[in-house]
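Participant: For reference, this is start-v8.pdb, and it has PDB, C-alpha atoms.
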```
ATOM      1  CA  MET A 165     116.679  97.201 -82.734
ATOM      2  CA  GLN A 166     117.963 100.546 -83.923
ATOM      3  CA  GLY A 167     118.663 102.860 -81.004
ATOM      4  CA  ASN A 168     116.544 105.850 -81.963
ATOM      5  CA  GLY A 169     113.434 103.893 -82.846
ATOM      6  CA  LEU A 170     111.346 105.663 -85.458
ATOM      7  CA  GLN A 171     112.240 109.174 -84.357
ATOM      8  CA  ASP A 172     112.475 111.429 -87.420
ATOM      9  CA  LYS A 173     111.671 108.548 -89.767
ATOM     10  CA  ARG A 174     109.007 108.840 -92.455
ATOM     11  CA  VAL A 175     106.559 105.944 -92.592
ATOM     12  CA  VAL A 176     104.058 105.455 -95.421
ATOM     13  CA  VAL A 177     101.039 103.242 -94.676
ATOM     14  CA  LEU A 178      98.912 102.145 -97.635
ATOM     15  CA  GLY A 179      95.614 101.018 -96.162
ATOM     16  CA  GLY A 180      96.252 103.082 -93.059
ATOM     17  CA  SER A 181      92.794 104.578 -92.618
ATOM     18  CA  SER A 182      91.383 101.732 -90.504
ATOM     19  CA  GLY A 183      92.118  98.489 -88.712
ATOM     20  CA  ILE A 184      95.681  97.242 -88.450
ATOM     21  CA  GLY A 185      97.047  99.918 -90.778
ATOM     22  CA  LEU A 186      95.628 102.738 -88.670
ATOM     23  CA  GLU A 187      97.086 101.179 -85.530
ATOM     24  CA  VAL A 188     100.494 100.889 -87.240
ATOM     25  CA  ALA A 189     100.271 104.593 -88.102
ATOM     26  CA  LYS A 190      99.383 105.507 -84.506
ATOM     27  CA  GLN A 191     102.163 103.420 -82.985
ATOM     28  CA  ALA A 192     104.736 104.706 -85.471
ATOM     29  CA  ALA A 193     103.721 108.303 -84.754
ATOM     30  CA  SER A 194     103.966 107.656 -81.011
ATOM     31  CA  GLN A 195     107.620 106.708 -81.585
ATOM     32  CA  GLY A 196     108.324 109.985 -83.332
ATOM     33  CA  ALA A 197     107.746 109.017 -86.952
ATOM     34  CA  SER A 198     106.229 111.298 -89.550
ATOM     35  CA  VAL A 199     103.345 109.246 -90.944
ATOM     36  CA  VAL A 200     101.702 109.382 -94.356
ATOM     37  CA  ILE A 201      98.383 107.543 -94.639
ATOM     38  CA  ALA A 202      96.982 106.556 -98.023
ATOM     39  CA  SER A 203      93.692 104.789 -98.666
ATOM     40  CA  SER A 204      90.874 104.877-101.188
ATOM     41  CA  ASN A 205      88.268 106.600 -99.001
ATOM     42  CA  ALA A 206      88.984 110.325 -98.596
ATOM     43  CA  GLU A 207      86.751 110.775 -95.546
ATOM     44  CA  ARG A 208      88.325 107.814 -93.728
ATOM     45  CA  VAL A 209      91.771 109.177 -94.557
ATOM     46  CA  ARG A 210      90.812 112.550 -93.071
ATOM     47  CA  LYS A 211      89.520 110.950 -89.871
ATOM     48  CA  ALA A 212      92.592 108.718 -89.628
ATOM     49  CA  VAL A 213      94.928 111.680 -89.899
ATOM     50  CA  GLU A 214      92.986 113.459 -87.153
ATOM     51  CA  SER A 215      93.155 110.412 -84.885
ATOM     52  CA  VAL A 216      96.909 109.977 -85.396
ATOM     53  CA  GLY A 217      97.573 113.681 -84.871
ATOM     54  CA  GLY A 218     101.006 115.266 -84.784
ATOM     55  CA  GLU A 219     102.620 115.600 -88.199
ATOM     56  CA  ALA A 220     100.488 112.911 -89.838
ATOM     57  CA  GLN A 221      99.485 113.499 -93.424
ATOM     58  CA  GLY A 222      96.996 111.698 -95.629
ATOM     59  CA  GLN A 223      95.965 111.311 -99.226
ATOM     60  CA  PRO A 224      93.209 109.337-100.943
ATOM     61  CA  VAL A 225      94.727 106.835-103.364
ATOM     62  CA  ASP A 226      93.074 103.951-105.193
ATOM     63  CA  VAL A 227      95.794 101.380-104.552
ATOM     64  CA  SER A 228      94.304  99.027-107.141
ATOM     65  CA  ASP A 229      94.994 101.667-109.841
ATOM     66  CA  GLU A 230      98.618 101.280-110.956
ATOM     67  CA  ARG A 231      98.793 104.766-112.427
ATOM     68  CA  ALA A 232      97.424 106.308-109.237
ATOM     69  CA  VAL A 233     100.010 104.430-107.169
ATOM     70  CA  ALA A 234     102.822 105.525-109.490
ATOM     71  CA  THR A 235     101.681 109.153-109.313
ATOM     72  CA  PHE A 236     101.384 109.038-105.532
ATOM     73  CA  PHE A 237     104.968 107.882-105.047
ATOM     74  CA  SER A 238     106.375 110.209-107.709
ATOM     75  CA  LYS A 239     105.088 113.188-105.721
ATOM     76  CA  LEU A 240     105.775 111.838-102.249
ATOM     77  CA  GLY A 241     109.545 112.251-102.042
ATOM     78  CA  THR A 242     111.852 110.019-100.037
ATOM     79  CA  PHE A 243     110.818 108.054 -96.970
ATOM     80  CA  ASP A 244     112.077 105.261 -94.718
ATOM     81  CA  HIS A 245     109.445 102.552 -94.388
ATOM     82  CA  LEU A 246     106.549 101.373 -96.532
ATOM     83  CA  VAL A 247     103.729  99.394 -94.922
ATOM     84  CA  PHE A 248     101.012  97.761 -97.032
ATOM     85  CA  THR A 249      97.851  96.712 -95.176
ATOM     86  CA  ALA A 250      95.200  97.471 -97.809
ATOM     87  CA  GLY A 251      92.458  94.891 -98.253
ATOM     88  CA  ASP A 252      88.712  94.594 -98.580
ATOM     89  CA  SER A 253      86.305  92.420 -96.617
ATOM     90  CA  LEU A 254      86.876  88.696 -96.836
ATOM     91  CA  HIS A 255      84.531  86.664 -99.003
ATOM     92  CA  LEU A 256      84.637  83.110 -97.719
ATOM     93  CA  GLN A 257      82.755  80.516 -99.749
ATOM     94  CA  ASP A 258      82.981  76.907-100.799
ATOM     95  CA  LEU A 259      84.748  76.512-104.106
ATOM     96  CA  ALA A 260      81.530  75.561-105.940
ATOM     97  CA  ALA A 261      79.934  78.870-104.925
ATOM     98  CA  THR A 262      83.012  81.021-105.557
ATOM     99  CA  ASP A 263      82.575  83.894-107.993
ATOM    100  CA  LEU A 264      85.847  83.868-109.926
ATOM    101  CA  GLN A 265      85.475  87.490-110.985
ATOM    102  CA  GLN A 266      85.206  88.463-107.335
ATOM    103  CA  ALA A 267      88.179  86.227-106.608
ATOM    104  CA  ARG A 268      90.235  88.065-109.222
ATOM    105  CA  HIS A 269      89.373  91.332-107.491
ATOM    106  CA  ALA A 270      90.783  89.947-104.237
ATOM    107  CA  PHE A 271      94.102  89.391-105.989
ATOM    108  CA  GLU A 272      93.879  92.820-107.624
ATOM    109  CA  LEU A 273      93.744  94.574-104.286
ATOM    110  CA  ARG A 274      95.853  92.323-102.091
ATOM    111  CA  TYR A 275      98.535  91.056-104.493
ATOM    112  CA  TRP A 276      98.790  93.303-107.555
ATOM    113  CA  ALA A 277      98.384  96.480-105.513
ATOM    114  CA  ALA A 278     101.113  95.323-103.120
ATOM    115  CA  LEU A 279     103.372  94.607-106.089
ATOM    116  CA  ALA A 280     102.684  98.051-107.542
ATOM    117  CA  ALA A 281     103.452  99.668-104.189
ATOM    118  CA  ALA A 282     106.787  97.866-104.056
ATOM    119  CA  LYS A 283     107.602  98.698-107.675
ATOM    120  CA  TYR A 284     106.879 102.406-107.464
ATOM    121  CA  GLY A 285     107.669 102.974-103.800
ATOM    122  CA  SER A 286     111.007 101.175-103.464
ATOM    123  CA  PRO A 287     113.073 103.687-105.502
ATOM    124  CA  HIS A 288     112.180 106.358-102.916
ATOM    125  CA  ILE A 289     113.096 104.356 -99.799
ATOM    126  CA  ARG A 290     116.147 105.647 -97.971
ATOM    127  CA  LYS A 291     119.140 103.541 -96.962
ATOM    128  CA  GLU A 292     118.348 101.051 -94.191
ATOM    129  CA  GLY A 293     114.630 101.385 -94.952
ATOM    130  CA  SER A 294     112.115  98.587 -95.360
ATOM    131  CA  ILE A 295     108.866  97.320 -96.807
ATOM    132  CA  VAL A 296     106.378  95.363 -94.692
ATOM    133  CA  LEU A 297     103.567  93.550 -96.507
ATOM    134  CA  THR A 298     100.500  91.815 -95.097
ATOM    135  CA  THR A 299      99.529  88.196 -95.582
ATOM    136  CA  GLY A 300      97.453  85.973 -93.266
ATOM    137  CA  ILE A 301      97.485  82.672 -91.458
ATOM    138  CA  ALA A 302      95.137  81.200 -94.089
ATOM    139  CA  GLY A 303      98.198  80.683 -96.280
ATOM    140  CA  GLN A 304      99.582  78.199 -93.767
ATOM    141  CA  ARG A 305      96.422  76.915 -92.128
ATOM    142  CA  PRO A 306      93.438  77.216 -94.505
ATOM    143  CA  ARG A 307      89.918  76.293 -93.460
ATOM    144  CA  LYS A 308      87.096  74.993 -95.592
ATOM    145  CA  GLY A 309      85.788  77.855 -97.720
ATOM    146  CA  TRP A 310      89.092  79.728 -97.638
ATOM    147  CA  VAL A 311      90.468  78.698-101.041
ATOM    148  CA  ILE A 312      90.845  82.250-102.380
ATOM    149  CA  ALA A 313      91.987  83.757 -99.081
ATOM    150  CA  ALA A 314      94.632  81.044 -98.691
ATOM    151  CA  SER A 315      95.794  81.515-102.272
ATOM    152  CA  VAL A 316      96.224  85.263-101.830
ATOM    153  CA  CYS A 317      98.115  84.793 -98.570
ATOM    154  CA  GLY A 318     100.431  82.223-100.114
ATOM    155  CA  SER A 319     101.206  84.520-103.027
ATOM    156  CA  ILE A 320     102.142  87.371-100.677
ATOM    157  CA  GLU A 321     104.537  85.131 -98.748
ATOM    158  CA  ALA A 322     106.262  84.169-102.004
ATOM    159  CA  LEU A 323     106.296  87.808-103.144
ATOM    160  CA  THR A 324     107.942  88.821 -99.872
ATOM    161  CA  ARG A 325     110.811  86.402-100.358
ATOM    162  CA  ALA A 326     111.283  87.372-104.008
ATOM    163  CA  LEU A 327     111.230  91.117-103.304
ATOM    164  CA  ALA A 328     113.776  90.695-100.497
ATOM    165  CA  VAL A 329     116.202  89.367-103.098
ATOM    166  CA  GLU A 330     115.142  91.761-105.866
ATOM    167  CA  LEU A 331     115.261  94.950-103.803
ATOM    168  CA  ALA A 332     118.230  94.208-101.509
ATOM    169  CA  PRO A 333     119.596  95.882 -99.455
ATOM    170  CA  THR A 334     116.107  97.276 -98.772
ATOM    171  CA  ARG A 335     114.559  94.788 -96.371
ATOM    172  CA  VAL A 336     111.203  93.239 -97.280
ATOM    173  CA  ASN A 337     109.151  91.283 -94.759
ATOM    174  CA  ALA A 338     105.525  90.421 -94.072
ATOM    175  CA  VAL A 339     103.198  90.033 -91.115
ATOM    176  CA  SER A 340     100.784  87.113 -91.024
ATOM    177  CA  PRO A 341      97.895  87.788 -88.619
ATOM    178  CA  GLY A 342      95.396  85.241 -87.430
ATOM    179  CA  VAL A 343      91.783  86.224 -86.800
ATOM    180  CA  VAL A 344      91.770  89.869 -85.687
ATOM    181  CA  ARG A 345      88.860  92.018 -84.525
ATOM    182  CA  THR A 346      88.807  94.608 -87.346
ATOM    183  CA  ASN A 347      86.411  95.813 -90.047
ATOM    184  CA  LEU A 348      87.789  93.090 -92.308
ATOM    185  CA  TRP A 349      84.789  91.049 -91.161
ATOM    186  CA  GLN A 350      82.178  93.768 -91.729
ATOM    187  CA  ASN A 351      80.411  91.781 -94.469
ATOM    188  CA  MET A 352      79.195  89.415 -91.727
ATOM    189  CA  GLY A 353      76.260  90.191 -89.469
ATOM    190  CA  ALA A 354      77.158  91.446 -85.993
ATOM    191  CA  ALA A 355      75.903  88.329 -84.205
ATOM    192  CA  GLU A 356      77.633  85.994 -86.655
ATOM    193  CA  ARG A 357      80.833  87.990 -86.370
ATOM    194  CA  GLU A 358      80.874  87.887 -82.571
ATOM    195  CA  GLN A 359      80.116  84.171 -82.638
ATOM    196  CA  LEU A 360      83.137  83.684 -84.909
ATOM    197  CA  PHE A 361      85.391  85.715 -82.625
ATOM    198  CA  GLU A 362      84.218  83.793 -79.562
ATOM    199  CA  SER A 363      84.528  80.387 -81.218
ATOM    200  CA  VAL A 364      87.977  81.043 -82.672
ATOM    201  CA  GLY A 365      89.207  82.776 -79.518
ATOM    202  CA  ASN A 366      88.166  79.890 -77.287
ATOM    203  CA  SER A 367      90.044  77.461 -79.543
ATOM    204  CA  LEU A 368      93.356  79.340 -79.311
ATOM    205  CA  PRO A 369      96.100  78.902 -76.705
ATOM    206  CA  VAL A 370      95.895  82.642 -75.864
ATOM    207  CA  GLY A 371      92.128  82.379 -75.314
ATOM    208  CA  ARG A 372      91.035  85.250 -77.566
ATOM    209  CA  VAL A 373      91.232  86.619 -81.098
ATOM    210  CA  GLY A 374      93.701  89.362 -81.914
ATOM    211  CA  GLU A 375      93.256  93.102 -81.674
ATOM    212  CA  ALA A 376      94.719  95.595 -84.146
ATOM    213  CA  ASP A 377      97.267  96.875 -81.629
ATOM    214  CA  ASP A 378      98.562  93.325 -81.063
ATOM    215  CA  ILE A 379      99.372  92.945 -84.731
ATOM    216  CA  ALA A 380     100.687  96.476 -85.292
ATOM    217  CA  ARG A 381     103.592  95.820 -82.932
ATOM    218  CA  ALA A 382     104.907  93.202 -85.350
ATOM    219  CA  TYR A 383     105.116  95.773 -88.154
ATOM    220  CA  LEU A 384     107.090  98.138 -85.942
ATOM    221  CA  PHE A 385     109.419  95.316 -84.960
ATOM    222  CA  LEU A 386     110.136  94.557 -88.613
ATOM    223  CA  MET A 387     110.755  98.202 -89.387
ATOM    224  CA  LEU A 388     113.158  98.563 -86.483
ATOM    225  CA  GLU A 389     115.113  95.355 -86.123
ATOM    226  CA  GLY A 390     117.379  95.959 -89.139
ATOM    227  CA  PHE A 391     118.637  92.440 -89.904
ATOM    228  CA  GLY A 392     115.755  90.214 -91.001
ATOM    229  CA  THR A 393     114.545  90.157 -94.594
ATOM    230  CA  GLY A 394     112.381  87.831 -96.633
ATOM    231  CA  GLN A 395     110.614  86.735 -93.460
ATOM    232  CA  THR A 396     106.958  86.263 -92.578
ATOM    233  CA  VAL A 397     106.245  86.934 -88.915
ATOM    234  CA  VAL A 398     103.196  85.012 -87.695
ATOM    235  CA  VAL A 399     101.040  86.671 -85.026
ATOM    236  CA  ASP A 400      98.091  84.320 -84.791
ATOM    237  CA  GLY A 401      97.378  83.551 -81.138
ATOM    238  CA  GLY A 402      98.602  80.003 -81.709
ATOM    239  CA  THR A 403      96.376  79.080 -84.672
ATOM    240  CA  VAL A 404      99.063  76.893 -86.226
ATOM    241  CA  LEU A 405      99.333  74.946 -82.975
ATOM    242  CA  VAL A 406      95.739  73.714 -82.836
TER
END
```
Output the file's structure as structure tokens, nothing else.
Facilitator:
Amino acid sequence: MQGNGLQDKRVVVLGGSSGIGLEVAKQAASQGASVVIASSNAERVRKAVESVGGEAQGQPVDVSDERAVATFFSKLGTFDHLVFTAGDSLHLQDLAATDLQQARHAFELRYWAALAAAKYGSPHIRKEGSIVLTTGIAGQRPRKGWVIAASVCGSIEALTRALAVELAPTRVNAVSPGVVRTNLWQNMGAAEREQLFESVGNSLPVGRVGEADDIARAYLFLMLEGFGTGQTVVVDGGTVLV
């Protein structure tokens, strides 16, 4: 890893107002980084900036709006690392019950928005900087009802490899979490959600589902290590082993 960590580095987190993204922002700031949080909800952005503290800044940006993303980066100036964790709640259904319009929206936010962030953000990344995208273990180990989720995750893994070649020497990597206790699951009832966490956790070698701070460490590793590119780092509690 680079000797000075993230001291005096500028880290931009799209989707940084909650969950894994917020934890990435907090951990980066704790290492001395200047953090910029962008997300669609202005109030959540404000609260996120307060919780990170220090020199953190925030701005509401609809990451699914290409023009808004382009404008955001044109005004941002240079920075060192771009992290993309934006995503809405998962909609898991059997294929027969899948609303294809809703499925297209999942790609709009998780794939096309990530591509726009890379397109408009990469020209402003300083030498030895990086991009870290977010995929998910569904791309490698789908379950019944996860057709769309698995498809999105697979597309992000392919995008990561392609961008690593396209944008070299800027490094591009991705983190692939397993089941993590975040608001990603907020469309489920509380009891159903806890039952899922307990069931999945008990099935894993580590004996529990992930927490946001577990996963955030992988993003910091990819920002700092300086040599890997085009890689997807799996942090799944052993999902692929069972």
Participant: So, counting only C-alpha atoms, which residue among A:Gly309, A:Pro369, A:Gly218, A:Gly392 is closest to Ala192 in chain A?
Facilitator: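 Selected residue with least distance to Ala192 in chain A: A:Gly218.
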Participant: Quick check, in Å to one decimal: how far apart do CA of Gln395 in chain A and CA of Ile320 in chain A lie?
Facilitator: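 Between these atoms lies a distance of 11.1 Å.
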Participant: Selection in question (the file shown): the PyMOL selection byres ((chain A and resi 279-281) around 8). Which residues does it include, as a PyMOL selection string?
Facilitator: chain A and resi 227+230+233-234+248+275-278+282-286+323
Participant: Could you list, as a ChimeraX atom specification, every residue matched by the PyMOL selection byres ((chain A and resi 191) around 10) in this structure?
Facilitator: /A:170,185-190,192-197,199,216,377,380-381,383-384
Participant: To one decimal in Å, tell me the separation between CA of Val177 in chain A and CA of Thr249 in chain A.
Facilitator: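 Value for the CA of Val177 in chain A-CA of Thr249 in chain A distance: 7.3 Å.
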Participant: What is the CA of Arg290 in chain A to CA of Ala206 in chain A distance in Å?
Facilitator: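 Result for CA of Arg290 in chain A versus CA of Ala206 in chain A: 27.6 Å, one decimal.
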Participant: Evaluated on this file, the PyMOL selection byres ((chain A and resi 299) around 7) picks out some residues - which ones are they, written as number ranges by chain?
Facilitator: A: 297-298, 300, 317, 320-321, 338-340
